[in-house]
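See below for the structure under consideration.
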Amino acid sequence: MAWPAPAERSESPLVQGLRRLRRSGTALVGVVIVVLLVTVAIFADVLAPQSPIASDQAHTFARPSWDHPLGTDQLGRDMLSRVIHGTRISLLVGVSSVLLALFVGVPFGMIAGFYGGRVDTLIMRVMDLILAFPIYLLAIILMVMFTPTAGLIGTMKVTGAIAIVRIPIYARLVRGSVLSIKEKEYVEACRALGVRDPWILFRHVLPNCLAPIIVTTTLGIATSIIVEATLSFLGLGTQPPTPSWGWDLKANISFIQANAWLSLFPGLAIFVTVLGFNLFGDGLRDALDPRLK
Amino acid sequence: MRVYVLRRLLGIVPTVLMITFVVFVMMRSVPGDPVVALLGDAYDEQDAIKVRASYGLDQPILVQYAIWLGKLARGDWGVSYMTGRPVLKDVLVRLPVTLELIVLSMAVALAIAVPAAIIGALRQNTWADYTATTIAMIGVSIPEFFIGVLLLLVFSIGLGGLLPSSGWTYLPGTCPTMVCGASLWGNAQHVLLPAIALGVGRAAILTRLLRASMLEVIRTEYVTTARAKGLSERPVVLKHALKNALIPTVTVMGLQVGFLIGGAIVVETLFAMPGLGTFGIDAIIARDYQQVQGFALLTALAFVVMNLVVDLTYTFLDPRIRYA
């Protein structure tokens with residue numbers, strides 16, 4: 001008797017999801033915005049016509065012109081160059097804070113959900129403690145503790161503060177998924193075969209809770225970018241002279257009466273960036289996890 | 001039900017204590033010494049030691065927290081290091097400003113979101129729906145302060161100073177001093193832009209959620225039944241569909257409270273309002289421990305109570321949910 005030929009390996013849900021994503025117009029707009037912004041951030045040094053921090057006392061508050069397409073601020077710094085360089089801080093903080101929260105939150109959530117019992121209680125108590133805080137109260141106090149500074153160190157501090165307040169989101173999400181996945185037959189089969197726990201966790205449990213993680217991460221980047229801009233706006237983000245959209249917007253509000261465009265451009269930049277990640281994240285959610293819609 | 005509420009109310013105590021304790025410890029590990037800031041140029045080691053002792057700052061942190069708690073139990077919220085004023089008095093003056101802002105912004109949010117969501121859901125995949133969802137998408141992507149700036153540009157600068165860009169006129173009865181002019185009209189002018197700035201973002205989130213859950217609800221059998229028995233569209237939508245669609249929405253709005261508090265801080269800063277948000281951020285930056293504790297206490301209370309209110313709203317929206 002001949003065995004039937006093995007069926008062709010079916011597409012994984014992830015591949016199917018990505019196929020659906022390609023058909024979503026709004027998600028594509030989001031992808032285009034994000035790719036464009038990442039390009040701007042990477043090539044900021046080449047794209048910016050001037051230095052974002054070099055002041056020019058002779059040309060303060062210049063109106064938009066060919067030399068300064070977005071005008072200059074109170075120190076005569078070229079606004080276009082500042083907005084272009086601001087992309088770096090925004091994306092860097094947005095993406096890295098979410099990744100940091102992810103790399104801490106996901107393992108904790110997996111361990112809590114998989115082992116249960118005391119480990120679960122301990123981990124989730126700590127997470128609940130963080131979640132018990134209004135997010136901005138915690139982020140603001142953390143930033144005051146870290147003392148905001150300029151440059152890369154300053155950016156890392158903001159990243160850390162935002163990551164801390166967002167860790168519980170991932171821990172909870174993953175714990176919930178793991179709780180249901182660990183009861184599945186294939187996990188039981190692994191156990192019966194004597195597969196070690198870490199292997200089960202990473203090879204069998206994690207891939208099955210990836211969809212909500214990916215969606216939450218993309219939308220989380222949008223939220224993190226807003227939190228970063230807000231902290232900057234309150235004077236607690238990356239400090240000047242490092243260009244940061246939130247700070248630039250705040251600093252220029254004093255001059256809004258005569259120089260409206262100065263606050264407008266950093267604000268628009270924040271808006272477009274957040275919009276890009278939101279569109280992308282929404283599309284991903286519809287594509288990967290229709291139940292979440 | 002009563003037992004449940006009582007148990008939840010008691011549960012508030014440890015949560016609030018925990019938040020205030022963590023804030024207490026965190027603030028004291030902030031680099032910088034409030035006594036140095038207080039004495040300024042007149043700083044002298046001897047004086048500093050005396051001042052520290054007089055405020056109890058030379059004690060271990062746990063002892064300091066116990067002292068703060070002990071005073072709190074007697075209704076004493078402490079005295080600000082910087083201004084010398086009692087914290088409770090300052091907080092009570094600023095609380096109505098922030099409450100007014102938050103309540104009005106939620107009203108703005110509901111006024112925009114409920115009709116937008118209903119139209120979006122009932123006319124799914126029409127131009128009305130696309131417009132509603134697109135505007136909502138834009139709304140969730142704009143930070144409060146940028147909406148505020150745009151409003152400032154249009155209404156304070158563009159329209160020749162139609163509405164004030166900063167400052168505050170107190171509601172009659174909330175004025176902290178004898179001299180501030182309180183008037184209903186002046187107050188309305190001052191609160192309008194901040195309330196819209198804070199409300200638009202909430203409206204966008206609400207619209208998205210409510211539209212999605214409305215879409216689910218209007219396909220359920222009881223809505224079909226309601227229609228089949230000849231009920232007109234209005235009660236079907238408002239009584240049967242909307243009320244049930246509100247349940248998941250309320251949950252997420254409850255989770256939004258933390259963001260609302262942050263939004264209030266930002267909007268108050270932008271419009272220079274004398275509310276709790278500006279009070280809190282100024283206190284944190286100046287390291288005025290007593291004021292920060294007062295702010296943290298009130299914020300934590302508001303946060304926890306709001307979450308409780310959200311849970312209790314369920315029983316109203318869905319009588320099947322009963323808390324034993």
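Ordering of the structure tokens sets the chain letters (A, B, ...); residue numbers start at 1 within each chain; ligands are numbered from 1 in the order shown.
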
Exercise for review: Please identify every residue of chain A that has at least one atom no more than 9 Å from any atom of chain B, counting only C-alpha atoms, and report them as a PyMOL selection string.
Suggested key: chain A and resi 129+132-138+140-142+144-147+222-223+226-227+229-230+233-234+249-250+253+256-257+260+263-264+267-268+270-276+278-279+293

Point to revise | range 86-92 of chain B surroundings by only C-alpha atoms, 10 Å radius, close-in-sequence under 4 positions cut, as a ChimeraX atom specification | key: /B:72,75-81,96-97,174,176,275-276,279-280,290-295,298

Practice item. Find the distance between CA of Ser244 in chain A and CA of Thr87 in chain A and write it in Å to one decimal. Key: 7.9 Å

Check your understanding: Which polymer residues have any atom within 12 Å of an atom of Glu188 in chain A, counting only C-alpha atoms, with same-chain residues fewer than 5 positions away left out, as a ChimeraX atom specification?
Key -> /A:181-183,193-197,200,204-205

Practice item. Name the residues of range 7-194 of chain A that fall into alpha helix (DSSP H) according to DSSP on the backbone, using the chain letters and numbers of this document, as JSON, numbers by chain. Key: {"A": [13, 14, 15, 16, 17, 18, 19, 20, 21, 22, 25, 26, 27, 28, 29, 30, 31, 32, 33, 34, 35, 36, 37, 38, 39, 40, 41, 42, 44, 45, 46, 47, 79, 80, 81, 82, 83, 84, 85, 86, 87, 88, 89, 90, 91, 92, 93, 94, 95, 96, 97, 98, 99, 100, 101, 102, 103, 104, 105, 106, 107, 108, 109, 110, 111, 112, 113, 114, 115, 117, 118, 119, 120, 121, 122, 123, 124, 125, 126, 127, 128, 129, 130, 131, 135, 136, 137, 138, 139, 140, 141, 142, 143, 144, 145, 146, 151, 152, 153, 154, 155, 156, 157, 158, 159, 160, 161, 162, 163, 164, 165, 166, 167, 168, 169, 170, 171, 172, 173, 174, 175, 176, 177, 178, 179, 180, 181, 185, 186, 187, 188, 189, 190, 191, 192]}

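Distance check against Phe61 in chain A using only C-alpha atoms: of A:Leu47, A:Asn252, A:Ala192, A:Ala287, the minimum falls on A:Asn252.
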
**Study point:** Leu99 in chain B surroundings by only C-alpha atoms, 10 Å radius, close-in-sequence under 4 positions cut, as a PyMOL selection string
**Key:** chain B and resi 94-95+103-105+264+275-276
